[in-house]
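These notes are about the structure you will find just below.
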Amino acid sequence: MATHIYAAGYGGAIWLIIGLVSGDLEAWDSRLYWAVGFPALMIGSAVLGWLFSEKSWRWGAWLGGGQAVMAIITALIKGSGFGLIPLSLILFMALSVPFILLSATGGVLRRKCLQEKDV
């Protein structure tokens, strides 16, 4: 259970830090998100998949979910309203696909490496 919280927290923290550093309401409006944040999330999902290889795909989903929750919280705090939240949630689901694929790949690679050592 704690790993779920760490994964979601990592995704939310990336979103929050990029938004604060860039000054943008939404982190994905910043070049910094695409140059630093998105690659950091991709690396994080692969590492989580490697470390926790059982049902490893879920770590990428938790990273994306953490970003979505933080985006909603920051939108509420800054008073931007709920108008685009449904569209944002769809975009977060689409952005989570690479994270899910990388965390699943990390889990598969770890299991293959462990099988090779047993042979």
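Residue numbers start at 1 in each chain; chains themselves are named A, B, ... in the order of the structure tokens; ligands are numbered from 1 in the order shown.
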Which residues, written as an mmCIF file with C-alpha atoms, in the first residue's frame, have at least one atom at most 9 Å from region 48-55 of chain A, with only C-alpha atoms counted and residues fewer than 5 positions away on the same chain left out?
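Result saved to result_23.cif:
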```
data_model
loop_
_atom_site.group_PDB
_atom_site.id
_atom_site.type_symbol
_atom_site.label_atom_id
_atom_site.label_comp_id
_atom_site.auth_asym_id
_atom_site.auth_seq_id
_atom_site.Cartn_x
_atom_site.Cartn_y
_atom_site.Cartn_z
ATOM 1 C CA THR A 3 4.250 2.043 -2.673
ATOM 2 C CA ALA A 7 4.140 6.572 -6.681
ATOM 3 C CA ILE A 43 12.447 6.984 -15.332
ATOM 4 C CA GLY A 60 2.681 4.107 -14.051
ATOM 5 C CA ILE A 100 2.249 2.291 -17.642
ATOM 6 C CA LEU A 102 7.554 1.598 -18.929
ATOM 7 C CA SER A 103 6.623 0.309 -15.491
ATOM 8 C CA ALA A 104 5.306 -2.906 -17.047
ATOM 9 C CA THR A 105 8.520 -3.220 -19.056
ATOM 10 C CA GLY A 106 10.599 -2.700 -15.918
ATOM 11 C CA GLY A 107 8.724 -5.510 -14.206
ATOM 12 C CA VAL A 108 9.091 -7.861 -17.160
ATOM 13 C CA LEU A 109 12.822 -7.173 -17.413
ATOM 14 C CA ARG A 110 13.336 -7.840 -13.739
ATOM 15 C CA ARG A 111 11.459 -11.126 -13.893
#
```
* Residue contacts of Thr74 (chain A) (8 Å, only C-alpha atoms) excluding same-chain residues fewer than 4 positions away, as a PyMOL selection string -> chain A and resi 16+25+70+78
* Between A:Val97, A:Gly23, A:Trp62, A:Gln115, which has the minimum distance to Ala2 (chain A) (counting only C-alpha atoms)? -> A:Trp62
